[in-house]
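Trainee: structure23.txt is reproduced below (compact mmCIF, N, CA and C atoms and all ligand atoms).
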# COMPACT_ATOMS: atom_id res chain seq x y z
N MET Z 1 2.57 -11.05 0.00
CA MET Z 1 3.46 -9.93 0.30
C MET Z 1 2.64 -8.65 0.39
N SER Z 2 2.81 -7.92 1.45
CA SER Z 2 2.10 -6.64 1.53
C SER Z 2 2.85 -5.67 2.42
N TRP Z 3 2.60 -4.43 2.19
CA TRP Z 3 3.16 -3.36 3.00
C TRP Z 3 2.01 -2.50 3.48
N GLU Z 4 2.22 -1.85 4.62
CA GLU Z 4 1.29 -0.83 5.06
C GLU Z 4 2.07 0.48 5.07
N LEU Z 5 1.60 1.42 4.29
CA LEU Z 5 2.22 2.75 4.28
C LEU Z 5 1.43 3.64 5.21
N VAL Z 6 2.11 4.60 5.79
CA VAL Z 6 1.38 5.57 6.62
C VAL Z 6 1.89 6.97 6.34
N VAL Z 7 0.93 7.89 6.23
CA VAL Z 7 1.25 9.29 6.00
C VAL Z 7 0.50 10.11 7.04
N LYS Z 8 1.21 11.04 7.65
CA LYS Z 8 0.58 11.90 8.66
C LYS Z 8 0.47 13.32 8.13
N GLN Z 9 -0.61 13.98 8.47
CA GLN Z 9 -0.78 15.38 8.08
C GLN Z 9 -1.65 16.07 9.12
N THR Z 10 -1.24 17.26 9.55
CA THR Z 10 -2.06 17.98 10.52
C THR Z 10 -2.89 19.05 9.83
N PHE Z 11 -3.99 19.41 10.47
CA PHE Z 11 -4.79 20.56 10.03
C PHE Z 11 -5.41 21.21 11.26
N SER Z 12 -5.48 22.53 11.23
CA SER Z 12 -6.01 23.27 12.37
C SER Z 12 -7.37 23.80 12.01
N SER Z 13 -8.37 23.41 12.76
CA SER Z 13 -9.73 23.85 12.46
C SER Z 13 -10.57 23.93 13.72
N ALA Z 14 -11.71 24.58 13.57
CA ALA Z 14 -12.65 24.71 14.69
C ALA Z 14 -13.84 23.79 14.47
N HIS Z 15 -14.44 23.38 15.56
CA HIS Z 15 -15.70 22.63 15.45
C HIS Z 15 -16.46 22.73 16.77
N PHE Z 16 -17.69 22.30 16.74
CA PHE Z 16 -18.44 22.06 17.96
C PHE Z 16 -19.28 20.82 17.71
N LEU Z 17 -19.60 20.12 18.78
CA LEU Z 17 -20.36 18.88 18.62
C LEU Z 17 -21.84 19.16 18.71
N GLU Z 18 -22.55 18.71 17.69
CA GLU Z 18 -23.99 18.89 17.65
C GLU Z 18 -24.65 17.75 18.44
N ASN Z 19 -25.81 18.03 19.00
CA ASN Z 19 -26.54 17.03 19.78
C ASN Z 19 -25.70 16.46 20.92
N TYR Z 20 -24.96 17.34 21.56
CA TYR Z 20 -24.06 16.92 22.62
C TYR Z 20 -24.16 17.94 23.73
N ARG Z 21 -24.17 17.48 24.98
CA ARG Z 21 -24.19 18.41 26.10
C ARG Z 21 -22.88 18.29 26.86
N GLY Z 22 -22.20 19.41 26.97
CA GLY Z 22 -20.92 19.42 27.67
C GLY Z 22 -20.02 20.46 27.05
N LYS Z 23 -18.78 20.43 27.49
CA LYS Z 23 -17.79 21.43 27.07
C LYS Z 23 -17.71 21.54 25.54
N CYS Z 24 -17.79 20.44 24.85
CA CYS Z 24 -17.53 20.41 23.40
C CYS Z 24 -18.72 20.85 22.55
N GLU Z 25 -19.85 21.23 23.19
CA GLU Z 25 -20.95 21.79 22.40
C GLU Z 25 -20.61 23.24 22.01
N LYS Z 26 -19.63 23.84 22.69
CA LYS Z 26 -19.20 25.19 22.33
C LYS Z 26 -18.06 25.13 21.31
N MET Z 27 -18.02 26.16 20.46
CA MET Z 27 -16.99 26.14 19.43
C MET Z 27 -15.59 26.20 20.05
N HIS Z 28 -14.70 25.38 19.53
CA HIS Z 28 -13.31 25.36 19.99
C HIS Z 28 -12.45 24.80 18.86
N GLY Z 29 -11.15 24.93 19.02
CA GLY Z 29 -10.26 24.49 17.94
C GLY Z 29 -9.34 23.35 18.33
N HIS Z 30 -8.85 22.65 17.33
CA HIS Z 30 -7.86 21.61 17.52
C HIS Z 30 -6.83 21.71 16.41
N THR Z 31 -5.62 21.27 16.71
CA THR Z 31 -4.73 20.88 15.63
C THR Z 31 -4.94 19.39 15.47
N PHE Z 32 -5.78 19.05 14.51
CA PHE Z 32 -6.08 17.63 14.26
C PHE Z 32 -4.88 16.99 13.59
N ARG Z 33 -4.67 15.71 13.86
CA ARG Z 33 -3.66 14.98 13.10
C ARG Z 33 -4.34 13.80 12.41
N ALA Z 34 -4.20 13.78 11.09
CA ALA Z 34 -4.73 12.65 10.33
C ALA Z 34 -3.58 11.69 10.06
N GLU Z 35 -3.81 10.42 10.32
CA GLU Z 35 -2.87 9.37 9.94
C GLU Z 35 -3.61 8.46 8.98
N VAL Z 36 -3.09 8.35 7.78
CA VAL Z 36 -3.77 7.55 6.76
C VAL Z 36 -2.89 6.35 6.42
N TYR Z 37 -3.48 5.18 6.51
CA TYR Z 37 -2.76 3.92 6.24
C TYR Z 37 -3.24 3.34 4.91
N PHE Z 38 -2.29 2.81 4.15
CA PHE Z 38 -2.59 2.20 2.85
C PHE Z 38 -2.00 0.80 2.83
N GLU Z 39 -2.74 -0.12 2.25
CA GLU Z 39 -2.20 -1.47 2.09
C GLU Z 39 -1.84 -1.67 0.63
N VAL Z 40 -0.58 -2.01 0.38
CA VAL Z 40 -0.14 -2.20 -1.01
C VAL Z 40 0.56 -3.55 -1.14
N HIS Z 41 0.52 -4.07 -2.36
CA HIS Z 41 1.06 -5.41 -2.61
C HIS Z 41 2.15 -5.45 -3.67
N THR Z 42 2.28 -4.35 -4.41
CA THR Z 42 3.30 -4.35 -5.48
C THR Z 42 4.13 -3.07 -5.42
N LEU Z 43 5.34 -3.17 -5.91
CA LEU Z 43 6.24 -2.02 -5.97
C LEU Z 43 6.65 -1.78 -7.41
N ASP Z 44 6.96 -0.56 -7.74
CA ASP Z 44 7.47 -0.28 -9.09
C ASP Z 44 9.00 -0.49 -9.12
N LYS Z 45 9.61 -0.14 -10.24
CA LYS Z 45 11.05 -0.39 -10.38
C LYS Z 45 11.90 0.43 -9.42
N ALA Z 46 11.33 1.56 -8.96
CA ALA Z 46 12.06 2.39 -7.99
C ALA Z 46 11.93 1.81 -6.58
N GLY Z 47 11.08 0.78 -6.43
CA GLY Z 47 10.89 0.18 -5.11
C GLY Z 47 9.82 0.86 -4.29
N ILE Z 48 8.96 1.62 -4.94
CA ILE Z 48 7.88 2.28 -4.19
C ILE Z 48 6.51 1.86 -4.74
N SER Z 49 5.50 2.07 -3.92
CA SER Z 49 4.14 1.67 -4.29
C SER Z 49 3.32 2.91 -4.65
N ILE Z 50 3.10 3.76 -3.66
CA ILE Z 50 2.42 5.03 -3.90
C ILE Z 50 3.42 6.11 -3.50
N ASP Z 51 3.56 7.10 -4.33
CA ASP Z 51 4.53 8.17 -4.06
C ASP Z 51 4.07 9.01 -2.86
N PHE Z 52 4.88 9.07 -1.82
CA PHE Z 52 4.52 9.87 -0.63
C PHE Z 52 4.23 11.32 -1.00
N THR Z 53 5.00 11.86 -1.94
CA THR Z 53 4.81 13.26 -2.33
C THR Z 53 3.40 13.47 -2.90
N GLU Z 54 2.96 12.48 -3.71
CA GLU Z 54 1.62 12.58 -4.30
C GLU Z 54 0.54 12.49 -3.22
N ILE Z 55 0.70 11.54 -2.28
CA ILE Z 55 -0.29 11.40 -1.21
C ILE Z 55 -0.34 12.66 -0.36
N LYS Z 56 0.84 13.20 -0.04
CA LYS Z 56 0.86 14.38 0.82
C LYS Z 56 0.15 15.55 0.17
N SER Z 57 0.36 15.74 -1.12
CA SER Z 57 -0.31 16.88 -1.75
C SER Z 57 -1.81 16.60 -1.89
N TYR Z 58 -2.19 15.34 -2.10
CA TYR Z 58 -3.62 14.97 -2.11
C TYR Z 58 -4.26 15.29 -0.75
N LEU Z 59 -3.58 14.91 0.34
CA LEU Z 59 -4.12 15.15 1.67
C LEU Z 59 -4.21 16.64 2.00
N LEU Z 60 -3.22 17.39 1.55
CA LEU Z 60 -3.26 18.84 1.79
C LEU Z 60 -4.50 19.47 1.15
N ASP Z 61 -4.87 18.97 -0.04
CA ASP Z 61 -6.08 19.46 -0.71
C ASP Z 61 -7.35 19.00 0.00
N LEU Z 62 -7.31 17.78 0.50
CA LEU Z 62 -8.52 17.17 1.08
C LEU Z 62 -8.84 17.68 2.47
N LEU Z 63 -7.82 17.83 3.32
CA LEU Z 63 -8.07 18.13 4.73
C LEU Z 63 -8.42 19.61 4.91
N PRO Z 64 -9.48 19.87 5.67
CA PRO Z 64 -10.00 21.24 5.80
C PRO Z 64 -9.21 22.07 6.82
N ASP Z 65 -8.20 22.78 6.34
CA ASP Z 65 -7.36 23.58 7.23
C ASP Z 65 -7.97 24.98 7.42
N HIS Z 66 -7.94 25.45 8.68
CA HIS Z 66 -8.48 26.76 9.02
C HIS Z 66 -9.92 26.95 8.55
N LYS Z 67 -10.73 25.97 8.87
CA LYS Z 67 -12.15 26.02 8.52
C LYS Z 67 -12.97 25.77 9.78
N LEU Z 68 -14.25 26.14 9.68
CA LEU Z 68 -15.20 25.71 10.70
C LEU Z 68 -15.82 24.42 10.17
N LEU Z 69 -15.47 23.33 10.78
CA LEU Z 69 -15.86 22.01 10.23
C LEU Z 69 -17.38 21.84 10.15
N ASN Z 70 -18.11 22.47 11.07
CA ASN Z 70 -19.58 22.36 11.01
C ASN Z 70 -20.16 22.99 9.75
N ASP Z 71 -19.44 23.96 9.17
CA ASP Z 71 -19.89 24.56 7.91
C ASP Z 71 -19.48 23.71 6.71
N GLU Z 72 -18.42 22.95 6.88
CA GLU Z 72 -17.87 22.16 5.77
C GLU Z 72 -18.65 20.88 5.51
N PHE Z 73 -19.21 20.32 6.58
CA PHE Z 73 -19.83 18.99 6.47
C PHE Z 73 -21.28 19.02 6.92
N ASP Z 74 -22.05 18.06 6.41
CA ASP Z 74 -23.45 17.99 6.83
C ASP Z 74 -23.64 16.95 7.94
N PHE Z 75 -22.58 16.69 8.69
CA PHE Z 75 -22.66 15.79 9.85
C PHE Z 75 -21.95 16.46 11.02
N SER Z 76 -22.21 15.98 12.22
CA SER Z 76 -21.52 16.50 13.40
C SER Z 76 -20.05 16.08 13.33
N PRO Z 77 -19.13 17.06 13.26
CA PRO Z 77 -17.73 16.72 12.98
C PRO Z 77 -16.95 16.21 14.19
N SER Z 78 -17.36 15.06 14.69
CA SER Z 78 -16.60 14.38 15.74
C SER Z 78 -15.41 13.67 15.09
N ALA Z 79 -14.45 13.26 15.88
CA ALA Z 79 -13.30 12.51 15.34
C ALA Z 79 -13.79 11.23 14.66
N GLU Z 80 -14.83 10.61 15.23
CA GLU Z 80 -15.38 9.37 14.65
C GLU Z 80 -15.93 9.62 13.25
N ASN Z 81 -16.78 10.65 13.13
CA ASN Z 81 -17.38 10.95 11.82
C ASN Z 81 -16.34 11.42 10.81
N LEU Z 82 -15.37 12.20 11.28
CA LEU Z 82 -14.33 12.69 10.36
C LEU Z 82 -13.48 11.53 9.82
N SER Z 83 -13.13 10.59 10.68
CA SER Z 83 -12.29 9.48 10.23
C SER Z 83 -13.04 8.64 9.18
N ARG Z 84 -14.34 8.44 9.38
CA ARG Z 84 -15.12 7.67 8.40
C ARG Z 84 -15.25 8.44 7.09
N TYR Z 85 -15.52 9.73 7.20
CA TYR Z 85 -15.68 10.55 5.99
C TYR Z 85 -14.40 10.55 5.14
N PHE Z 86 -13.26 10.77 5.78
CA PHE Z 86 -12.01 10.81 5.01
C PHE Z 86 -11.66 9.44 4.44
N TYR Z 87 -11.96 8.39 5.19
CA TYR Z 87 -11.72 7.04 4.69
C TYR Z 87 -12.48 6.82 3.37
N ILE Z 88 -13.75 7.16 3.38
CA ILE Z 88 -14.60 6.93 2.18
C ILE Z 88 -14.10 7.79 1.01
N LYS Z 89 -13.71 9.03 1.28
CA LYS Z 89 -13.17 9.92 0.25
C LYS Z 89 -11.87 9.36 -0.34
N ILE Z 90 -10.94 9.00 0.53
CA ILE Z 90 -9.62 8.56 0.07
C ILE Z 90 -9.73 7.24 -0.69
N LYS Z 91 -10.70 6.42 -0.28
CA LYS Z 91 -10.89 5.11 -0.92
C LYS Z 91 -11.24 5.23 -2.41
N GLU Z 92 -11.82 6.36 -2.80
CA GLU Z 92 -12.14 6.57 -4.22
C GLU Z 92 -10.87 6.57 -5.07
N LYS Z 93 -9.74 6.86 -4.46
CA LYS Z 93 -8.51 7.06 -5.23
C LYS Z 93 -7.35 6.14 -4.81
N TYR Z 94 -7.30 5.76 -3.56
CA TYR Z 94 -6.15 5.01 -3.05
C TYR Z 94 -6.61 3.79 -2.23
N PRO Z 95 -5.74 2.78 -2.13
CA PRO Z 95 -6.09 1.58 -1.34
C PRO Z 95 -5.92 1.81 0.16
N VAL Z 96 -6.76 2.69 0.70
CA VAL Z 96 -6.68 3.04 2.12
C VAL Z 96 -7.10 1.86 2.98
N SER Z 97 -6.43 1.65 4.10
CA SER Z 97 -6.84 0.56 4.99
C SER Z 97 -7.36 1.07 6.33
N LYS Z 98 -6.90 2.23 6.75
CA LYS Z 98 -7.51 2.85 7.93
C LYS Z 98 -7.14 4.32 8.01
N VAL Z 99 -8.01 5.07 8.68
CA VAL Z 99 -7.77 6.49 8.90
C VAL Z 99 -7.91 6.76 10.39
N VAL Z 100 -6.92 7.44 10.94
CA VAL Z 100 -6.96 7.83 12.34
C VAL Z 100 -7.05 9.35 12.39
N ILE Z 101 -7.99 9.87 13.14
CA ILE Z 101 -8.07 11.31 13.36
C ILE Z 101 -7.82 11.57 14.84
N TRP Z 102 -6.70 12.22 15.12
CA TRP Z 102 -6.36 12.61 16.49
C TRP Z 102 -6.86 14.02 16.73
N GLU Z 103 -7.61 14.20 17.82
CA GLU Z 103 -8.05 15.55 18.21
C GLU Z 103 -7.02 16.19 19.11
N SER Z 104 -6.27 15.37 19.79
CA SER Z 104 -5.24 15.85 20.70
C SER Z 104 -4.18 14.76 20.76
N GLU Z 105 -3.18 15.00 21.56
CA GLU Z 105 -2.10 14.03 21.75
C GLU Z 105 -2.65 12.68 22.24
N ASN Z 106 -3.75 12.75 22.99
CA ASN Z 106 -4.19 11.56 23.73
C ASN Z 106 -5.54 11.00 23.32
N ALA Z 107 -6.21 11.63 22.35
CA ALA Z 107 -7.55 11.14 22.01
C ALA Z 107 -7.77 11.21 20.51
N GLY Z 108 -8.20 10.08 19.96
CA GLY Z 108 -8.47 10.03 18.53
C GLY Z 108 -9.41 8.90 18.19
N ALA Z 109 -9.82 8.84 16.93
CA ALA Z 109 -10.71 7.78 16.46
C ALA Z 109 -10.09 7.11 15.24
N ILE Z 110 -10.23 5.80 15.18
CA ILE Z 110 -9.70 5.00 14.06
C ILE Z 110 -10.88 4.43 13.30
N TYR Z 111 -10.89 4.62 11.97
CA TYR Z 111 -11.94 4.02 11.15
C TYR Z 111 -11.32 3.09 10.12
N SER Z 112 -11.88 1.90 10.02
CA SER Z 112 -11.49 1.00 8.94
C SER Z 112 -12.68 0.12 8.62
N GLU Z 113 -12.65 -0.50 7.46
CA GLU Z 113 -13.76 -1.38 7.11
C GLU Z 113 -13.34 -2.83 7.12
N LYS Z 114 -12.19 -3.06 7.74
CA LYS Z 114 -11.73 -4.44 7.85
C LYS Z 114 -12.64 -5.20 8.79
N ASP Z 115 -13.02 -6.39 8.36
CA ASP Z 115 -13.85 -7.22 9.21
C ASP Z 115 -12.95 -8.07 10.10
N ASN Z 116 -12.92 -7.72 11.38
CA ASN Z 116 -12.06 -8.46 12.30
C ASN Z 116 -12.78 -9.57 13.04
N SER Z 117 -14.05 -9.77 12.67
CA SER Z 117 -14.84 -10.74 13.44
C SER Z 117 -14.24 -12.15 13.39
N GLY Z 118 -13.56 -12.47 12.27
CA GLY Z 118 -12.98 -13.80 12.14
C GLY Z 118 -11.71 -13.98 12.97
N ASP Z 119 -11.18 -12.86 13.48
CA ASP Z 119 -9.93 -12.92 14.21
C ASP Z 119 -10.10 -13.30 15.68
N ARG Z 120 -11.34 -13.23 16.13
CA ARG Z 120 -11.55 -13.49 17.58
C ARG Z 120 -11.34 -14.95 17.91
N ARG Z 121 -10.61 -15.19 18.97
CA ARG Z 121 -10.38 -16.58 19.38
C ARG Z 121 -10.88 -16.77 20.79
ZN ZN I 1 -13.26 19.10 19.79
Rewrite the structure from the file as C-alpha cells, please.
Ligand SMILES: [Zn+2]
Mentor:
Amino acid sequence: MSWELVVKQTFSSAHFLENYRGKCEKMHGHTFRAEVYFEVHTLDKAGISIDFTEIKSYLLDLLPDHKLLNDEFDFSPSAENLSRYFYIKIKEKYPVSKVVIWESENAGAIYSEKDNSGDRR
C-alpha cells in the first residue's frame, strides 16, 4: 500500500546560466513552480501521512523567493540543478520521491533517484 503526495509552491527569482551561450546567459526572472512528490506507506488516525500544512511551511522556508539564485548557490542554477539540489535537501527530512522545477508553463526538469532501468521491456 502506498500513496504519492504532491505539494506545489511557487517562488519568484532571478538567475542566469553560467557556461552557456544564448539568451539565458543574461540575468532574467521566472516565477518558478516547485512540485514535490512524497511516497508514503502509512497513515495516522486522522487518515493522513505528512501534514500538508507542515510541508508547505517547510517549502516556504526552503525555496529562495526574490533572490538572485546565482548568489544563493555554488552551482549554475538551471532547472536541472535546482531540482536535484532541492531533492537532496528535502530528503534529509521527508520521504521525497521526485522534485519538479518548472521555469515556465511549458518547460521544467524532474529529478528523482528511482532506478527505472528494471522497468524497460
Ligand atoms: Zn531562466
Trainee: Dump as an MDAnalysis selection string all residues having an atom at most 6 Å from (-6.3, 21.3, 16.2), computed in the file's coordinates with all atoms listed in the file.
Mentor: chainID Z and resid 11:13 29:32 103
Trainee: Considering only C-alpha atoms, can you say which of Z:Ser97, Z:Leu17, Z:Tyr87, Z:Lys67 comes closest to Ser2 (chain Z)?
Mentor: Z:Ser97
Trainee: Between Z:Val7, Z:Leu62, Z:Leu82, Z:Leu68, which has the minimum distance to Ile110 (chain Z) (counting only C-alpha atoms)?
Mentor: Z:Leu82
Trainee: Write out as a PyMOL selection string all residues of region 37-99 of chain Z that backbone DSSP assigns to alpha helix (DSSP H).
Mentor: chain Z and resi 52-62+69-72+79-91
Trainee: When the cut-off is 9 Å and you count only C-alpha atoms and all ligand atoms, which residues lie near ligand ZN 1 (chain I), shown as a count of residues only?
Mentor: 17
Trainee: As a list in words, please: the residues near region 37-52 of chain Z (cut-off 8 Å, only C-alpha atoms, same-chain neighbours under 2 positions excluded).
Mentor: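 Using only C-alpha atoms, the neighbours found are Met1, Ser2, Trp3, Glu4, Leu5, Val6, Val7, Glu35, Glu54, Ile55, Lys56, Tyr94, Pro95, Val96, Ser97, Lys98 and Val99 of chain Z.
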Trainee: Please, what distance in Å, to one decimal, runs between CA of Tyr20 (chain Z) and CA of Leu59 (chain Z)?
Mentor: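 Rounded to one decimal, the two atoms are 29.0 Å apart.
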Trainee: Can you list every residue in chain Z that DSSP puts in strand (DSSP E or B), as a PyMOL selection string?
Mentor: chain Z and resi 3-15+28-40+68+96-102+108-111
Trainee: One decimal, Å: what's the distance from atom N of Glu72 (chain Z) over to atom N of Thr53 (chain Z), could you say?
Mentor: 27.4 Å
Trainee: What box, with edges along x, y and z, holds each listed atom of region 57-73 of chain Z when 3 Å is added on every side, and can you state its centre and edge lengths in Å to one decimal, as lines of an AutoDock Vina configuration file?
Mentor:
center_x = -10.5
center_y = 20.9
center_z = 4.5
size_x = 27.6
size_y = 18.0
size_z = 19.2
Trainee: By how many Å are CA of Val36 (chain Z) and atom C of Phe73 (chain Z) apart?
Mentor: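 Taking CA of Val36 (chain Z) and atom C of Phe73 (chain Z), their separation equals 20.9 Å.
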